[in-house]
Amino acid sequence: MDGKFVEVSNLKKYFHVGKRQILKAVDDVSFSIERGSTLGLVGESGCGKTTVGRHLCRIYEPDEGAIRIDGRDISHISQRQCRELAKKVQMIFQDPYASLNSFFTVGEIIGEAFTIHKMFRSVKERRDRIRELLEIVGLSAEHANRFPHEFSGGQRQRIGIARALALSPELIVCDEAISALDVSIQAQIVNMLIEFQRTMNLTYLFIAHDLSMVRHIADDTAVMYLGALVEYGATDAVYGHPAHPYTKGLLSAVPTPDPVYERSHRRIVMEGEVSDPINPEPGCRFYARCREAEKLCGEVAPPLKKIGGNHMVACHACKEKEGERST
Amino acid sequence: MGNIVREHLLEVRDLRVSFDTHAGEIQAVRGVSFHLDEKETLAIVGESGCGKSVTVQTIMKLISVPYARLKSGVILYRGKDVGHLSDKEMESYRGREFSMIFQDSMSGLNPTMRVGTQIRESVMQRRDISREGAGKRAMEMLAQVGLPNPERIYRRYAHTMSGGQRQRVMIAMALSCNPKILFADEPTTALDVTLQAQILDLLNELKGRFGVATVLITHDLGVVAKMADRIAVMYAGKVVEYGDAEQIFYRPSHPYTWGLLSAMPNLKQPRKSELYTIVGMPPDLFAPPPGCAFTARCSYAMEVCRKEEPPEFFCGEGHASACWLLDERAEEALPPPGIPRLVREESVNGR
């Protein structure tokens with residue numbers, strides 16, 4: 001398996017919504033993540049990035065394709081095997097308010113996994129581990145007896161992280177884990193995630209729409225549009241030499257904290273919104289919004305092609321530039 | 001401070017708002033002053049819970065009266081006190097003079113009414129105009145905010161529209177009676193970056209077309225850089241620093257502003273390096289600490305910060321900062337890396 005910890009190949013997930021209506025949430029997506037590294041997955045809402053993340057935790061079962069984690073195909077495993085998978089793969093959610101059970105104390109929330117997996121027979125051992133986890137994420141041991149509503153958003157996200165770490169997983173899917181937080185708190189959480197990666201050799205799938213934070217945390221970045229990857233490669237390559245018109249537009253839309261630059265530079269304006277993912281037209285999915293679109297783009301969907309190193313782009317227009325680009 | 005006699009479009013002086021709860025009094029806004037001139041965009045920046053929304057809601061008289069108290073302060077609109085108007089008097093200001101858009105466009109629109117009808121109704125309420133005239137105005141506004149096919153949008157319900165479209169409808173409704181001031185409370189926080197860019201461009205464009213002054217509340221410094229002429233940084237119910245956009249971004253002088261600016265990842269920083277953070281959390285506003293509220297989180301804190309509240313120190317034309325570091329007796333402080341050092345000569349003791 002050439003050492004790739006996570007390997008997703010040709011993943012497809014179609015949802016049936018109404019009569020003969022098919023929503024192609026994930027359509028032929030392939031990527032891999034090396035152990036101890038981070039893949040950033042970016043895109044607008046509704047592009048399918050969360051659906052991809054949920055497949056890794058086997059919340060969804062893929063319609064087609066394979067998901068290999070640590071060499072083992074998990075795409076069609078049984079319920080019981082899913083439970084075993086939870087020891088390897090965990091998830092951190094966006095909304096720190098909705099993702100914690102408000103009837104449980106923090107200790108119960110974190111300890112629930114120990115009950116399910118019948119770990120720690122002795123109460124003391126269990127309590128010690130919960131305390132240890134709370135301290136790892138920067139809370140204190142006495143917080144175990146409090147309820148989620150007594151905490152601020154940033155603290156709750158820490159509780160969510162402690163819960164994810166409880167079973168010492170190897171892969172954590174961070175689904176917009178910092179989007180709901182204030183800037184200063186975001187930095188605290190990101191620092192913590194980076195530190196845990198270093199000390200526990202964790203692998204992350206970091207799903208976000210905040211492009212600047214992804215650039216900071218991710219080794220590789222994948223850009224998704226309407227269920228398919230449009231660009232994928234090392235973060236420096238994707239951010240430094242974006243090749244797909246969508247990536248260019250997305251990067252250009254991020255406002256920078258520099259008023260003079262903001263007033264002087266002209267953005268690449270991406271008109272309109274994401275088109276309907278139900279029964280999409282043939283051809284490139286970005287066709288309707290693309291400024292560089294040619295006739296071919298409306299007819300044939302472009303495949304993901306290498307344009308240097310491991311930098312891949314799904315765009316007909318980028319083909320010609322193949323020669324001049326070197327990363 | 002008394003260098004001007006000029007009348008501002010909106011002036012807020014020493015605004016104090018408290019909420020009475022079972023647990024006691026929350027001092028949400030603790031002496032906020034700012035002003036807004038015609039056709040200007042003022043950005044109010046700060047973390048959640050710093051009182052930025054409450055400040056604006058107080059001006060709009062949208063805070064629920066028995067629990068929230070306007071303890072003191074003056075709100076002058078074109079020199080006239082609008083802080084103590086009755087609800088009825090305020091009605092004539094809302095929409096025509098002040099207008100507001102919110103973060104959550106879904107709860108800002110009535111789910112049981114067609115969006116066009118909602119705009120028409122709000123126009124009819126505020127103007128002496130026929131039903132047809134108001135309907136026409138509503139249609140015109142939908143076109144103004146860049147919604148394609150306004151006739152179709154007019155007849156749609158809010159839940160059938162995307163977040164970006166709904167926010168455009170909100171803007172259309174807010175500007176339908178030509179207000180002089182638009183309060184925008186985190187208008188793009190819930191949107192994707194691409195839609196955010198579209199909405200911000202739209203707001204900038206409409207600002208020119210309608211000549212409306214904007215008070216923009218946000219915690220995103222990128223958005224601030226793009227939109228703001230002037231900026232007020234709020235912390236724990238107070239304005240800790242204000243100035244124009246260049247001053248705040250290129251010559252910030254308050255450690256809290258330094259922290260906010262440094263906490264954003266930037267391109268020069270190596271990947272996965274530690275980001276600058278502001279340690280700890282904002283203070284409890286049930287019992288705000290004596291002295292400077294930022295002391296507990298400030299790595300530059302001195303003895304005096306704990307005891308006495310810092311006055312405003314001026315550090316340039318229209319740029320002031322409430323921090324003891326600017327006092328001439330304080331030792332010079334080195335801001336975190338990446339933040340330009342404030343040239344001492346510029347700072348003059350304010351009081």
# chains A, B, ... in the order shown; residues from 1 in each chain; ligands from 1

$ interface_residues --of "chain A" --to "chain B" --cutoff "8 Å" --atoms "only C-alpha atoms" --output "PyMOL selection string"
chain A and resi 44-45+182-185+187-188+190-191+194+209-210+212-213+215-218+249-250+253-260+262-263+269-271+273

$ write_last_selection --atoms "N, CA and C atoms" --output "compact mmCIF listing (two decimals), in the first residue's frame"
# COMPACT_ATOMS: atom_id res chain seq x y z
N GLU A 44 -17.12 25.09 -1.36
CA GLU A 44 -18.30 25.79 -0.86
C GLU A 44 -19.27 24.84 -0.19
N SER A 45 -20.26 25.40 0.53
CA SER A 45 -21.24 24.51 1.15
C SER A 45 -21.98 23.73 0.07
N ASP A 182 -14.28 32.22 17.43
CA ASP A 182 -13.64 33.52 17.23
C ASP A 182 -12.19 33.35 16.79
N VAL A 183 -11.66 34.38 16.14
CA VAL A 183 -10.29 34.29 15.60
C VAL A 183 -9.27 33.86 16.65
N SER A 184 -9.32 34.50 17.82
CA SER A 184 -8.28 34.21 18.81
C SER A 184 -8.44 32.78 19.34
N ILE A 185 -9.66 32.30 19.41
CA ILE A 185 -9.91 30.94 19.89
C ILE A 185 -9.53 29.93 18.80
N ALA A 187 -7.13 30.15 16.73
CA ALA A 187 -5.69 29.96 16.78
C ALA A 187 -5.32 29.00 17.90
N GLN A 188 -5.98 29.12 19.05
CA GLN A 188 -5.69 28.20 20.17
C GLN A 188 -5.97 26.76 19.77
N VAL A 190 -6.26 25.43 16.72
CA VAL A 190 -5.36 24.96 15.66
C VAL A 190 -3.99 24.61 16.23
N ASN A 191 -3.49 25.46 17.12
CA ASN A 191 -2.20 25.15 17.76
C ASN A 191 -2.25 23.80 18.46
N ILE A 194 -2.25 20.90 15.96
CA ILE A 194 -0.91 20.71 15.38
C ILE A 194 0.00 20.01 16.39
N HIS A 209 -13.96 25.67 5.20
CA HIS A 209 -14.08 26.62 4.12
C HIS A 209 -13.20 27.84 4.35
N ASP A 210 -12.51 27.86 5.51
CA ASP A 210 -11.57 28.95 5.78
C ASP A 210 -10.22 28.60 5.14
N SER A 212 -7.46 30.27 4.65
CA SER A 212 -6.17 30.67 5.22
C SER A 212 -5.76 29.69 6.33
N MET A 213 -6.72 29.19 7.10
CA MET A 213 -6.38 28.24 8.14
C MET A 213 -5.94 26.90 7.53
N ARG A 215 -4.40 26.48 4.74
CA ARG A 215 -3.03 26.65 4.26
C ARG A 215 -2.04 26.46 5.40
N HIS A 216 -2.44 26.88 6.59
CA HIS A 216 -1.53 26.79 7.72
C HIS A 216 -1.37 25.36 8.23
N ILE A 217 -2.46 24.61 8.21
CA ILE A 217 -2.42 23.30 8.88
C ILE A 217 -2.19 22.12 7.94
N ALA A 218 -2.56 22.27 6.64
CA ALA A 218 -2.59 21.10 5.77
C ALA A 218 -1.29 20.90 4.98
N GLY A 249 -10.58 31.46 -8.24
CA GLY A 249 -11.68 32.30 -7.77
C GLY A 249 -11.86 32.20 -6.27
N LEU A 250 -11.75 30.98 -5.77
CA LEU A 250 -11.93 30.75 -4.34
C LEU A 250 -10.85 31.47 -3.54
N ALA A 253 -11.27 35.22 -3.49
CA ALA A 253 -12.40 35.74 -2.72
C ALA A 253 -12.08 35.94 -1.25
N VAL A 254 -10.97 35.37 -0.77
CA VAL A 254 -10.63 35.50 0.65
C VAL A 254 -10.10 36.89 0.93
N PRO A 255 -10.77 37.64 1.78
CA PRO A 255 -10.23 38.98 2.07
C PRO A 255 -9.01 38.90 2.98
N THR A 256 -8.01 39.70 2.69
CA THR A 256 -6.80 39.69 3.50
C THR A 256 -6.81 40.88 4.46
N PRO A 257 -6.19 40.73 5.61
CA PRO A 257 -6.20 41.84 6.57
C PRO A 257 -5.21 42.94 6.19
N ASP A 258 -5.40 43.53 5.05
CA ASP A 258 -4.50 44.56 4.57
C ASP A 258 -5.31 45.56 3.75
N PRO A 259 -5.73 46.67 4.35
CA PRO A 259 -6.67 47.57 3.67
C PRO A 259 -6.17 48.13 2.34
N VAL A 260 -4.89 48.47 2.25
CA VAL A 260 -4.40 49.07 1.01
C VAL A 260 -4.47 48.05 -0.12
N GLU A 262 -6.43 45.41 -0.22
CA GLU A 262 -7.83 45.12 -0.50
C GLU A 262 -8.47 46.16 -1.42
N ARG A 263 -8.08 47.43 -1.22
CA ARG A 263 -8.70 48.47 -2.03
C ARG A 263 -8.13 48.51 -3.43
N VAL A 269 -13.85 37.76 -10.12
CA VAL A 269 -15.22 37.63 -9.66
C VAL A 269 -15.81 36.32 -10.16
N MET A 270 -16.32 35.55 -9.23
CA MET A 270 -17.01 34.34 -9.61
C MET A 270 -18.49 34.62 -9.50
N GLU A 271 -19.15 34.69 -10.62
CA GLU A 271 -20.56 35.04 -10.61
C GLU A 271 -21.40 33.85 -10.17
N GLU A 273 -23.95 31.20 -8.13
CA GLU A 273 -23.76 30.29 -7.02
C GLU A 273 -23.61 28.89 -7.56

$ residues_around --residues "segment 69-81 of chain B" --least-positions-apart "4" --cutoff "6 Å" --atoms "only C-alpha atoms" --output "PyMOL selection string"
chain B and resi 9-18

$ write_last_selection --atoms "N, CA, C and O atoms" --output "mmCIF file, in the first residue's frame"
data_model
loop_
_atom_site.group_PDB
_atom_site.id
_atom_site.type_symbol
_atom_site.label_atom_id
_atom_site.label_comp_id
_atom_site.auth_asym_id
_atom_site.auth_seq_id
_atom_site.Cartn_x
_atom_site.Cartn_y
_atom_site.Cartn_z
ATOM 1 N N LEU B 9 -23.165 62.545 11.698
ATOM 2 C CA LEU B 9 -24.429 61.928 11.345
ATOM 3 C C LEU B 9 -24.981 61.177 12.553
ATOM 4 O O LEU B 9 -26.145 61.301 12.909
ATOM 5 N N LEU B 10 -24.090 60.429 13.179
ATOM 6 C CA LEU B 10 -24.484 59.691 14.384
ATOM 7 C C LEU B 10 -23.371 59.821 15.396
ATOM 8 O O LEU B 10 -22.197 59.675 15.061
ATOM 9 N N GLU B 11 -23.750 60.132 16.593
ATOM 10 C CA GLU B 11 -22.734 60.209 17.628
ATOM 11 C C GLU B 11 -23.223 59.483 18.872
ATOM 12 O O GLU B 11 -24.359 59.689 19.315
ATOM 13 N N VAL B 12 -22.382 58.625 19.386
ATOM 14 C CA VAL B 12 -22.720 57.885 20.592
ATOM 15 C C VAL B 12 -21.707 58.278 21.644
ATOM 16 O O VAL B 12 -20.504 58.261 21.393
ATOM 17 N N ARG B 13 -22.219 58.687 22.813
ATOM 18 C CA ARG B 13 -21.298 59.118 23.871
ATOM 19 C C ARG B 13 -21.547 58.345 25.152
ATOM 20 O O ARG B 13 -22.666 58.337 25.660
ATOM 21 N N ASP B 14 -20.517 57.685 25.611
ATOM 22 C CA ASP B 14 -20.526 57.009 26.909
ATOM 23 C C ASP B 14 -21.761 56.133 27.112
ATOM 24 O O ASP B 14 -22.451 56.218 28.116
ATOM 25 N N LEU B 15 -22.015 55.271 26.152
ATOM 26 C CA LEU B 15 -23.179 54.399 26.219
ATOM 27 C C LEU B 15 -22.934 53.263 27.211
ATOM 28 O O LEU B 15 -21.901 52.599 27.160
ATOM 29 N N ARG B 16 -23.875 53.082 28.114
ATOM 30 C CA ARG B 16 -23.781 51.971 29.068
ATOM 31 C C ARG B 16 -25.083 51.183 29.067
ATOM 32 O O ARG B 16 -26.147 51.759 29.281
ATOM 33 N N VAL B 17 -24.986 49.898 28.813
ATOM 34 C CA VAL B 17 -26.175 49.052 28.790
ATOM 35 C C VAL B 17 -25.937 47.846 29.682
ATOM 36 O O VAL B 17 -24.872 47.235 29.639
ATOM 37 N N SER B 18 -26.939 47.536 30.508
ATOM 38 C CA SER B 18 -26.819 46.371 31.378
ATOM 39 C C SER B 18 -28.032 45.479 31.216
ATOM 40 O O SER B 18 -29.124 45.949 30.901
#

$ residues_around --residues "Glu292 of chain A" --least-positions-apart "6" --cutoff "10 Å" --atoms "only C-alpha atoms" --output "PyMOL selection string"
chain A and resi 244-245+315-318

$ residues_around --residues "Ile44 of chain B" --least-positions-apart "3" --cutoff "10 Å" --atoms "only C-alpha atoms" --output "list in words"
Phe34, Thr41, Gly51, Lys52, Ser53, Thr55, Val56, Asp185, Val215, Leu216, Ile217, Thr218, His219, Val224, Ala228, Arg230, Ile231, Ala232, Val233, Met234, Val239 and Tyr242 of chain B

$ atom_distance --atom1 "atom CA of Arg58 of chain A" --atom2 "atom CA of Ile74 of chain A"
7.6 Å

$ select_by_dssp --residues "segment 48-231 of chain A" --states "helix (DSSP H, G or I)" --output "VMD selection string"
chain A and resid 49 to 56 79 to 85 106 to 116 123 to 136 141 to 145 148 to 150 153 to 165 183 to 200 211 to 217

$ residues_around --residues "Gly108 of chain B" --least-positions-apart "3" --cutoff "12 Å" --atoms "only C-alpha atoms" --output "list in words"
Met100, Ile101, Phe102, Gln103, Asp104, Ser105, Pro111, Val115, Gln118, Ala158, His159, Gly163, Arg166, Gln167, Arg168, Val169, Met170, Ile171, Met173, Ala174, Asp185 and Pro187 of chain B

$ residues_around --residues "Ile172 of chain A" --least-positions-apart "3" --cutoff "6 Å" --atoms "only C-alpha atoms" --output "list in words"
Val89, Gln90, Met91 and Tyr204 of chain A

$ write_last_selection --atoms "N, CA and C atoms" --output "PDB file, in the first residue's frame"
ATOM      1  N   VAL A  89     -10.699   5.716  14.038  1.00  0.00           N
ATOM      2  CA  VAL A  89     -11.128   6.935  13.365  1.00  0.00           C
ATOM      3  C   VAL A  89     -12.151   7.664  14.227  1.00  0.00           C
ATOM      4  N   GLN A  90     -11.918   8.922  14.461  1.00  0.00           N
ATOM      5  CA  GLN A  90     -12.850   9.729  15.232  1.00  0.00           C
ATOM      6  C   GLN A  90     -13.137  11.026  14.505  1.00  0.00           C
ATOM      7  N   MET A  91     -14.126  11.743  14.992  1.00  0.00           N
ATOM      8  CA  MET A  91     -14.548  12.942  14.283  1.00  0.00           C
ATOM      9  C   MET A  91     -14.713  14.109  15.256  1.00  0.00           C
ATOM     10  N   TYR A 204      -4.895  13.752   9.997  1.00  0.00           N
ATOM     11  CA  TYR A 204      -6.126  14.548   9.959  1.00  0.00           C
ATOM     12  C   TYR A 204      -6.686  14.656   8.552  1.00  0.00           C
TER      13      TYR A 204
END

$ select_by_dssp --residues "segment 96-344 of chain B" --states "strand (DSSP E)" --output "JSON, numbers by chain"
{"B": [98, 99, 100, 101, 181, 182, 183, 184, 185, 213, 214, 215, 216, 217, 218, 230, 231, 232, 233, 234, 235, 238, 239, 240, 241, 242, 243, 244, 313, 314, 320, 321]}

$ write_last_selection --atoms "N, CA and C atoms" --output "short mmCIF file (atom, residue, chain, number, x, y, z; two decimals), in the first residue's frame"
data_model
loop_
_atom_site.label_atom_id
_atom_site.label_comp_id
_atom_site.auth_asym_id
_atom_site.auth_seq_id
_atom_site.Cartn_x
_atom_site.Cartn_y
_atom_site.Cartn_z
N PHE B 98 -32.65 54.72 10.04
CA PHE B 98 -31.77 53.60 10.37
C PHE B 98 -32.37 52.32 9.80
N SER B 99 -31.49 51.43 9.41
CA SER B 99 -31.96 50.14 8.96
C SER B 99 -30.95 49.10 9.37
N MET B 100 -31.36 47.86 9.37
CA MET B 100 -30.43 46.85 9.88
C MET B 100 -30.54 45.55 9.10
N ILE B 101 -29.40 44.90 8.90
CA ILE B 101 -29.41 43.54 8.38
C ILE B 101 -28.67 42.63 9.35
N ILE B 181 -28.51 55.42 7.56
CA ILE B 181 -27.51 54.55 8.20
C ILE B 181 -27.96 53.10 8.10
N LEU B 182 -27.04 52.25 7.68
CA LEU B 182 -27.32 50.81 7.64
C LEU B 182 -26.45 50.13 8.68
N PHE B 183 -27.10 49.43 9.61
CA PHE B 183 -26.34 48.63 10.57
C PHE B 183 -26.28 47.21 10.04
N ALA B 184 -25.09 46.70 9.85
CA ALA B 184 -24.95 45.35 9.32
C ALA B 184 -24.27 44.49 10.37
N ASP B 185 -25.04 43.60 10.99
CA ASP B 185 -24.53 42.78 12.08
C ASP B 185 -24.05 41.44 11.53
N ALA B 213 -24.55 55.53 5.02
CA ALA B 213 -23.42 55.26 5.90
C ALA B 213 -23.64 53.90 6.55
N THR B 214 -22.55 53.16 6.80
CA THR B 214 -22.70 51.80 7.29
C THR B 214 -21.94 51.59 8.59
N VAL B 215 -22.59 50.93 9.53
CA VAL B 215 -21.88 50.43 10.70
C VAL B 215 -21.82 48.93 10.54
N LEU B 216 -20.61 48.41 10.37
CA LEU B 216 -20.44 46.99 10.08
C LEU B 216 -19.88 46.30 11.32
N ILE B 217 -20.62 45.30 11.79
CA ILE B 217 -20.13 44.53 12.92
C ILE B 217 -19.56 43.24 12.40
N THR B 218 -18.35 42.92 12.79
CA THR B 218 -17.77 41.67 12.31
C THR B 218 -16.62 41.26 13.22
N ARG B 230 -13.22 53.56 8.86
CA ARG B 230 -12.71 53.67 10.22
C ARG B 230 -13.08 52.43 11.01
N ILE B 231 -12.33 52.19 12.08
CA ILE B 231 -12.51 50.96 12.85
C ILE B 231 -12.55 51.27 14.34
N ALA B 232 -13.45 50.61 15.04
CA ALA B 232 -13.43 50.66 16.50
C ALA B 232 -13.26 49.23 17.00
N VAL B 233 -12.23 49.00 17.81
CA VAL B 233 -11.99 47.66 18.35
C VAL B 233 -12.60 47.60 19.73
N MET B 234 -13.49 46.64 19.94
CA MET B 234 -14.16 46.55 21.24
C MET B 234 -13.66 45.36 22.03
N TYR B 235 -13.58 45.55 23.32
CA TYR B 235 -13.24 44.43 24.21
C TYR B 235 -14.00 44.59 25.52
N LYS B 238 -16.14 47.74 25.95
CA LYS B 238 -15.53 49.05 25.76
C LYS B 238 -14.81 49.14 24.43
N VAL B 239 -14.69 50.35 23.92
CA VAL B 239 -13.85 50.54 22.75
C VAL B 239 -12.42 50.70 23.26
N VAL B 240 -11.53 49.79 22.88
CA VAL B 240 -10.15 49.89 23.37
C VAL B 240 -9.24 50.63 22.41
N GLU B 241 -9.61 50.62 21.13
CA GLU B 241 -8.80 51.38 20.17
C GLU B 241 -9.68 51.79 19.00
N TYR B 242 -9.49 53.02 18.52
CA TYR B 242 -10.17 53.39 17.29
C TYR B 242 -9.27 54.24 16.43
N GLY B 243 -9.56 54.21 15.14
CA GLY B 243 -8.75 54.97 14.20
C GLY B 243 -9.20 54.62 12.80
N ASP B 244 -8.53 55.18 11.78
CA ASP B 244 -8.93 54.78 10.43
C ASP B 244 -8.25 53.46 10.08
N PHE B 313 -5.38 57.46 25.08
CA PHE B 313 -4.16 58.14 24.65
C PHE B 313 -4.23 58.34 23.16
N PHE B 314 -3.97 59.54 22.72
CA PHE B 314 -4.01 59.77 21.28
C PHE B 314 -2.68 59.39 20.66
N ALA B 320 -6.90 56.70 18.67
CA ALA B 320 -6.67 56.68 20.10
C ALA B 320 -6.76 55.26 20.62
N SER B 321 -6.15 55.06 21.78
CA SER B 321 -6.05 53.72 22.31
C SER B 321 -6.10 53.82 23.83
#

$ residues_around --residues "Lys305 of chain A" --least-positions-apart "3" --cutoff "10 Å" --atoms "only C-alpha atoms" --output "list in words"
Val230, Glu231, Tyr232, Pro302, Gly308, Asn310, His311, Met312, Val313, Ala314, Cys315, His316, Cys318, Lys319 and Glu322 of chain A

$ write_last_selection --atoms "C-alpha atoms" --output "PDB file, in the first residue's frame"
ATOM      1  CA  VAL A 230     -11.137  19.834  -9.190  1.00  0.00           C
ATOM      2  CA  GLU A 231      -7.637  20.328  -7.862  1.00  0.00           C
ATOM      3  CA  TYR A 232      -5.446  18.317  -5.577  1.00  0.00           C
ATOM      4  CA  PRO A 302     -12.456  16.841 -17.629  1.00  0.00           C
ATOM      5  CA  GLY A 308       3.646  18.406 -12.209  1.00  0.00           C
ATOM      6  CA  ASN A 310       1.577  15.349  -7.369  1.00  0.00           C
ATOM      7  CA  HIS A 311      -0.372  18.433  -8.395  1.00  0.00           C
ATOM      8  CA  MET A 312      -3.518  17.375 -10.239  1.00  0.00           C
ATOM      9  CA  VAL A 313      -6.183  19.444 -11.930  1.00  0.00           C
ATOM     10  CA  ALA A 314      -9.465  18.588 -13.593  1.00  0.00           C
ATOM     11  CA  CYS A 315      -9.704  21.243 -16.284  1.00  0.00           C
ATOM     12  CA  HIS A 316      -9.507  21.153 -20.066  1.00  0.00           C
ATOM     13  CA  CYS A 318      -5.048  23.701 -18.018  1.00  0.00           C
ATOM     14  CA  LYS A 319      -3.843  20.994 -20.357  1.00  0.00           C
ATOM     15  CA  GLU A 322       1.345  21.439 -18.884  1.00  0.00           C
TER      16      GLU A 322
END
